[in-house]
Amino acid sequence: MAAVSEFTAGVPDLIKQYVVYFYRHIRERNIREIFSMYEVSFATLSERFYKNTTWPPVEYIAELVDHDHVFCLLYKEMYFRHLYATVQPTLEQRCDSWDNYCALFNVILSSNINMQLPNGWLWDMVDEFVYQFQSWAQFRGKAAARGGDDLAALKQCERVWSVLSVLNYLRFLADKSGVAAELSAPGGMERFYETEGYEAGSNVLRMVGYFALVGLLRVHTLVGDYGGALEALAPIHPFQRAHLFTPKIAGCNIALYYYSGFCYLQLRRYMDAARAFNSVLTYIARVKQYHQRSAQYDQILKKNEQMHALVAITLALCPAAQRQLDENVFNTLRDKYGEKMGKMVRGSEATYEELFSYACPKFVTCAPPNLDAPSNTNQEAYRLQLRCFLGLVHEQRHLPMLKELLQLYTAVSLRKLASLMDLDEATVRGQLMLLKATGYCKTWAGEGGADAGTVQAATDLEFFIDLDQASGQETVVVAEAKPVRRQGEFLARHIAKFEEIVRDLSLPAPEPGTPVKPLPAARPVPSY
Amino acid sequence: MGKVDVSGANGYNPKLQQSLEEYVAEQAKSGTYDLDANLALLRHYDFAPEGAKLDVIATVLIKALMRLPEPDFAQLLQLVPEQVQDEQPVAALVALTQHLEGARFRDFWLAQDACRDVVAGVTGFYEAVRAYILATISHTCRRVSKGTLAECLRLEDASLDALIEEKVAKEGWSVAAADMMTVVTLPENEQNVIHAQGTGQGGFRFEPMQLAQILQVVQ
């Protein structure tokens, strides 16, 4: 550090050191050091020096790192992410961050990067990119309260954070990385899972490309395009979990299942929705203890709560989806949402609305607001999705009562049913058809992408309408599927659990000072 | 004019908007259907509403309605802004679909009288709707009166008889005339029968892996 300019002078020594070492490790491709400086030291230093303010702007540290172009872009990526988390970003800062992401992604796309970066960071990049897009849409949509100067400044920024540019960047990153071909090749998933993208040259483009697929899933979901979301995700598939890479990065795995599960719910694929949420809720229950000190811990807990709410909605709309849930998930769900599920099943639209608005993603209104006649548009997308959802709920409001009645009989005349429900016969016949239709939904059948599937039964009540030729009377014949008790599975699980406890107890105590070796399989594999 | 490729980055290319609009018109005329392309078009409209064309949106939605019981209509509607949903003819189409999905066929036929012009340009609309209604009935009913069929499908005697005759010949329907009414027996399908319940699934069944584990413990 020869010439220290006035800029650099104000920066604390520890921070200077941090930047210098960080730069050096990145140049020397020292992946473990980079990982710990990124994951641990950055948070510690932020807490100590920049709790309520931003890190030094890049000009303050550029000299320390030879004005290295790519390092400065990376530094700014972290700088802005910290800024968004700490203070309310200004219009100018939002634009600068956009420009920085463009510059960074352009460098990555031009394949001029030879560095290795921790996969966790690369995921954070994509995740933050989409978050800042979402944040921009909220910011821009609150147009009503703005003054003239503000509006004029905003007009200059039409291209910044536009949904098309965001989608295109993610698509290009995914395409250019060649990750789709790599994963689809025979043995590709296994290799990707084993090497975590580190094997050859730089991991940056291929991993950013991989994470961009999850980014596309999320952006499509945010604009209400659920079919497109699941399609864009290919070749990643939430139900092909052998050698699925995402569980190695908690944030990525949770995003994958939260957004794909939500898409399934909105596409009325309840069995798949329950299945997706079930697998990630089990995952969170298993790994959350390892993230207690991480900055993402609160986020993980929040998503955990939201997804329980979404499962509650799923089961209220399609009780048979309970089949997809593990016993533990179902028990937790009953504790958390038992009462609300009861209300939803009894047709309380207010409860549906409450849970939906709590658990849904932050939808994005894509169209720019009219700045000449400003009004608030930031809630438009949310209201649209809520309206579509409640429309469905409203349509099915009589079904719980009908179902309850049917469960009392093995055969009942349509006329009697109509009088019990206080509706006319034709309406009840229609309601029976609607009930029948809701008992079948598209479900993934083991082949094709996440958006593929076949229509399968999703009901615990079987019935049909028959007509007696002589009397001309219509009768509903009913049979309830008896709950199948799976004692076998229950016992097997508990035998295995018991055995595990016995084994742990009989292990020799570790020598003092030696680290405890983690048992296989039960722990998540740490990923750098 | 033919299929428009909307895979990958093409799905976000605003320059394709016009070809996609022409493609919709072609689908309406020829009776073909391409959900992905229509989805991409509505996405363009959502991103840049000043270029949105109400009549094209309506055609896309009619084509989706004809796909019931697939949830295509609902899926596309999630991309149509609220103020557009409140405009005619979109509002009317939403109501039509709700009637069909809610199996309120009487209400559907009453409501569609007001939208005849809108659906007139789409080939095969009534055929598709009747096929859906018929499928819905046959999923729920084993036997049904001819009167109910006529009301749900809104067919005159002659056309209904022709339809029934065709189904008797091809799909195994049978017809019996009783004193009070003509009764149509529909063939069994996956949905309108009661399956054997709970056989062999409960109780003690172990997966091979579980069994291996247990045996290990017992040793």
# chains A, B, ... in the order shown; residues from 1 in each chain; ligands from 1
$ closest_atom_pairs --of "chain A" --to "chain B" --cutoff "7 Å" --atoms "only C-alpha atoms" --output "Markdown table"
| residue | atom | partner | partner_atom | distance |
| --- | --- | --- | --- | --- |
| A:Leu164 | CA | B:Tyr12 | CA | 6.5 |
| A:Asn168 | CA | B:Ala9 | CA | 6.5 |
| A:Arg171 | CA | B:Ala9 | CA | 6.1 |
| A:Gly224 | CA | B:Gln78 | CA | 5.8 |
| A:Asp225 | CA | B:Leu79 | CA | 6.6 |
| A:Leu267 | CA | B:Gln75 | CA | 6.6 |
| A:Cys366 | CA | B:Phe47 | CA | 5.0 |
| A:Ala367 | CA | B:Phe47 | CA | 5.1 |
| A:Leu384 | CA | B:Glu82 | CA | 5.8 |
| A:Gln385 | CA | B:Gln78 | CA | 6.3 |
| A:Cys388 | CA | B:Gln78 | CA | 6.6 |
| A:Glu395 | CA | B:Gly102 | CA | 6.6 |
| A:Thr427 | CA | B:Arg104 | CA | 6.9 |
| A:Gly430 | CA | B:Ala103 | CA | 4.7 |
| A:Gln431 | CA | B:Ala103 | CA | 6.8 |
| A:Met433 | CA | B:Thr140 | CA | 5.8 |
| A:Leu434 | CA | B:Gly102 | CA | 5.6 |
| A:Lys436 | CA | B:Thr140 | CA | 6.5 |
| A:Glu462 | CA | B:Ile194 | CA | 5.8 |
| A:Phe463 | CA | B:Ile194 | CA | 6.5 |
| A:Phe464 | CA | B:Thr140 | CA | 5.1 |
| A:Ile465 | CA | B:Cys141 | CA | 4.5 |
| A:Asp466 | CA | B:Arg143 | CA | 5.0 |
| A:Leu467 | CA | B:Arg143 | CA | 5.2 |
| A:Gln469 | CA | B:Ala178 | CA | 6.4 |
| A:Ala470 | CA | B:Ala178 | CA | 6.9 |
| A:Gly472 | CA | B:Met180 | CA | 6.9 |
| A:Ala479 | CA | B:Ile194 | CA | 6.8 |
| A:Ala481 | CA | B:Gln197 | CA | 5.9 |
| A:Lys482 | CA | B:Gly198 | CA | 6.2 |
| A:Val484 | CA | B:Gly202 | CA | 5.0 |
| A:Arg485 | CA | B:Gly202 | CA | 5.1 |
| A:Arg486 | CA | B:Gly202 | CA | 5.2 |
| A:Gln487 | CA | B:Gly203 | CA | 5.7 |
| A:Gly488 | CA | B:Phe204 | CA | 4.2 |
| A:Glu489 | CA | B:Phe206 | CA | 6.5 |
| A:Ala492 | CA | B:Gln210 | CA | 6.0 |
| A:Ile495 | CA | B:Ile214 | CA | 6.9 |
| A:Ala496 | CA | B:Gln213 | CA | 6.9 |
| A:Glu499 | CA | B:Val217 | CA | 6.9 |
$ select_by_dssp --residues "region 17-217 of chain B" --states "alpha helix (DSSP H)" --output "JSON, numbers by chain"
{"B": [17, 18, 19, 20, 21, 22, 23, 24, 25, 26, 27, 28, 29, 30, 35, 36, 37, 38, 39, 40, 41, 42, 43, 44, 45, 46, 47, 54, 55, 56, 57, 58, 59, 60, 61, 62, 63, 64, 65, 72, 73, 74, 75, 76, 77, 82, 83, 84, 85, 90, 91, 92, 93, 94, 95, 96, 97, 98, 99, 100, 101, 105, 106, 107, 108, 109, 110, 111, 112, 116, 117, 118, 119, 120, 125, 126, 127, 128, 129, 130, 131, 132, 133, 134, 135, 136, 137, 138, 139, 140, 146, 147, 148, 149, 150, 151, 152, 153, 157, 158, 159, 160, 161, 162, 163, 164, 165, 166, 167, 168, 169, 170, 171, 208, 209, 210, 211, 212, 213, 214, 215, 216, 217]}
$ residues_around --residues "region 280-297 of chain A" --least-positions-apart "2" --cutoff "9 Å" --atoms "only C-alpha atoms" --output "number ranges by chain"
A: 39-40, 43, 247, 250-251, 253-254, 256-258, 275-278, 299-302, 304, 307-308, 326, 328-329, 522-524
$ select_by_dssp --residues "region 125-165 of chain B" --states "strand (DSSP E or B)" --output "list in words"
Cys141, Arg143, Val144 and Ser145 of chain B
$ residues_around --residues "region 168-170 of chain B" --least-positions-apart "4" --cutoff "12 Å" --atoms "only C-alpha atoms" --output "NGL selection string"
:B and (161-164 or 174-176 or 184-187)
$ residues_around --residues "region 22-26 of chain B" --least-positions-apart "6" --cutoff "8 Å" --atoms "only C-alpha atoms" --output "PyMOL selection string"
chain B and resi 1-4+32+38+56+59-60
$ residues_around --residues "Ala92 (chain B)" --least-positions-apart "4" --cutoff "10 Å" --atoms "only C-alpha atoms" --output "PDB file with N, CA, C and O atoms, in the first residue's frame"
ATOM      1  N   ALA B  58     -59.500 -11.573 -25.973  1.00  0.00           N
ATOM      2  CA  ALA B  58     -60.756 -12.315 -25.934  1.00  0.00           C
ATOM      3  C   ALA B  58     -60.618 -13.631 -26.697  1.00  0.00           C
ATOM      4  O   ALA B  58     -61.039 -14.691 -26.212  1.00  0.00           O
ATOM      5  N   GLN B  85     -60.098  -7.259 -17.160  1.00  0.00           N
ATOM      6  CA  GLN B  85     -61.065  -8.304 -16.812  1.00  0.00           C
ATOM      7  C   GLN B  85     -62.468  -7.734 -16.625  1.00  0.00           C
ATOM      8  O   GLN B  85     -63.457  -8.447 -16.792  1.00  0.00           O
ATOM      9  N   ASP B  86     -62.532  -6.461 -16.248  1.00  0.00           N
ATOM     10  CA  ASP B  86     -63.846  -5.856 -16.035  1.00  0.00           C
ATOM     11  C   ASP B  86     -64.453  -5.337 -17.330  1.00  0.00           C
ATOM     12  O   ASP B  86     -65.603  -4.903 -17.366  1.00  0.00           O
ATOM     13  N   GLU B  87     -63.665  -5.335 -18.402  1.00  0.00           N
ATOM     14  CA  GLU B  87     -64.188  -4.830 -19.678  1.00  0.00           C
ATOM     15  C   GLU B  87     -64.877  -5.933 -20.454  1.00  0.00           C
ATOM     16  O   GLU B  87     -64.530  -7.108 -20.318  1.00  0.00           O
ATOM     17  N   GLN B  88     -65.824  -5.561 -21.300  1.00  0.00           N
ATOM     18  CA  GLN B  88     -66.444  -6.556 -22.183  1.00  0.00           C
ATOM     19  C   GLN B  88     -65.582  -6.711 -23.434  1.00  0.00           C
ATOM     20  O   GLN B  88     -64.962  -5.751 -23.847  1.00  0.00           O
ATOM     21  N   LEU B  96     -68.793 -16.888 -18.298  1.00  0.00           N
ATOM     22  CA  LEU B  96     -69.095 -18.136 -19.004  1.00  0.00           C
ATOM     23  C   LEU B  96     -68.270 -19.290 -18.445  1.00  0.00           C
ATOM     24  O   LEU B  96     -68.788 -20.380 -18.189  1.00  0.00           O
ATOM     25  N   THR B  97     -66.984 -19.023 -18.264  1.00  0.00           N
ATOM     26  CA  THR B  97     -66.109 -20.081 -17.768  1.00  0.00           C
ATOM     27  C   THR B  97     -66.495 -20.490 -16.358  1.00  0.00           C
ATOM     28  O   THR B  97     -66.473 -21.678 -16.015  1.00  0.00           O
ATOM     29  N   GLN B  98     -66.853 -19.498 -15.534  1.00  0.00           N
ATOM     30  CA  GLN B  98     -67.261 -19.840 -14.160  1.00  0.00           C
ATOM     31  C   GLN B  98     -68.503 -20.723 -14.177  1.00  0.00           C
ATOM     32  O   GLN B  98     -68.601 -21.684 -13.425  1.00  0.00           O
ATOM     33  N   ALA B 111     -76.279 -17.163 -20.476  1.00  0.00           N
ATOM     34  CA  ALA B 111     -75.294 -16.090 -20.590  1.00  0.00           C
ATOM     35  C   ALA B 111     -74.681 -16.035 -21.983  1.00  0.00           C
ATOM     36  O   ALA B 111     -74.346 -14.954 -22.469  1.00  0.00           O
ATOM     37  N   GLN B 112     -74.528 -17.192 -22.606  1.00  0.00           N
ATOM     38  CA  GLN B 112     -73.833 -17.153 -23.896  1.00  0.00           C
ATOM     39  C   GLN B 112     -74.675 -16.520 -24.998  1.00  0.00           C
ATOM     40  O   GLN B 112     -74.140 -16.113 -26.019  1.00  0.00           O
ATOM     41  N   ALA B 114     -75.772 -13.735 -24.971  1.00  0.00           N
ATOM     42  CA  ALA B 114     -75.305 -12.356 -25.128  1.00  0.00           C
ATOM     43  C   ALA B 114     -73.936 -12.277 -25.795  1.00  0.00           C
ATOM     44  O   ALA B 114     -73.496 -11.198 -26.181  1.00  0.00           O
ATOM     45  N   CYS B 115     -73.226 -13.387 -25.922  1.00  0.00           N
ATOM     46  CA  CYS B 115     -71.872 -13.323 -26.498  1.00  0.00           C
ATOM     47  C   CYS B 115     -71.763 -14.071 -27.822  1.00  0.00           C
ATOM     48  O   CYS B 115     -70.670 -14.468 -28.205  1.00  0.00           O
ATOM     49  N   VAL B 118     -69.188 -12.739 -30.182  1.00  0.00           N
ATOM     50  CA  VAL B 118     -67.791 -12.855 -29.760  1.00  0.00           C
ATOM     51  C   VAL B 118     -67.227 -14.231 -30.100  1.00  0.00           C
ATOM     52  O   VAL B 118     -66.105 -14.359 -30.564  1.00  0.00           O
TER      53      VAL B 118
END
$ closest_residue --among "B:Leu68, B:Ala212, B:Ala52, B:Leu110" --to "Arg130 (chain B)" --atoms "only C-alpha atoms"
B:Leu68
$ atom_distance --atom1 "CA of Ala274 (chain A)" --atom2 "CA of Gly188 (chain A)"
28.1 Å
$ atom_distance --atom1 "CA of Met207 (chain A)" --atom2 "CA of Gln306 (chain A)"
27.8 Å
$ residues_around --residues "Leu41 (chain B)" --least-positions-apart "4" --cutoff "8 Å" --atoms "only C-alpha atoms" --output "ChimeraX atom specification"
/B:17,20-21,37,45
$ write_last_selection --atoms "C-alpha atoms" --output "mmCIF file, in the first residue's frame"
data_model
loop_
_atom_site.group_PDB
_atom_site.id
_atom_site.type_symbol
_atom_site.label_atom_id
_atom_site.label_comp_id
_atom_site.auth_asym_id
_atom_site.auth_seq_id
_atom_site.Cartn_x
_atom_site.Cartn_y
_atom_site.Cartn_z
ATOM 1 C CA GLN B 17 -45.827 -9.783 -30.786
ATOM 2 C CA LEU B 20 -48.146 -14.092 -32.206
ATOM 3 C CA GLU B 21 -51.299 -12.068 -32.772
ATOM 4 C CA ALA B 37 -47.468 -19.117 -27.691
ATOM 5 C CA TYR B 45 -49.371 -7.420 -23.071
#
$ atom_distance --atom1 "CA of Phe73 (chain B)" --atom2 "CA of Val94 (chain B)"
8.6 Å
$ closest_residue --among "A:Pro369, A:Gly439, A:Gly227, A:Pro89" --to "Leu399 (chain A)" --atoms "only C-alpha atoms"
A:Gly439
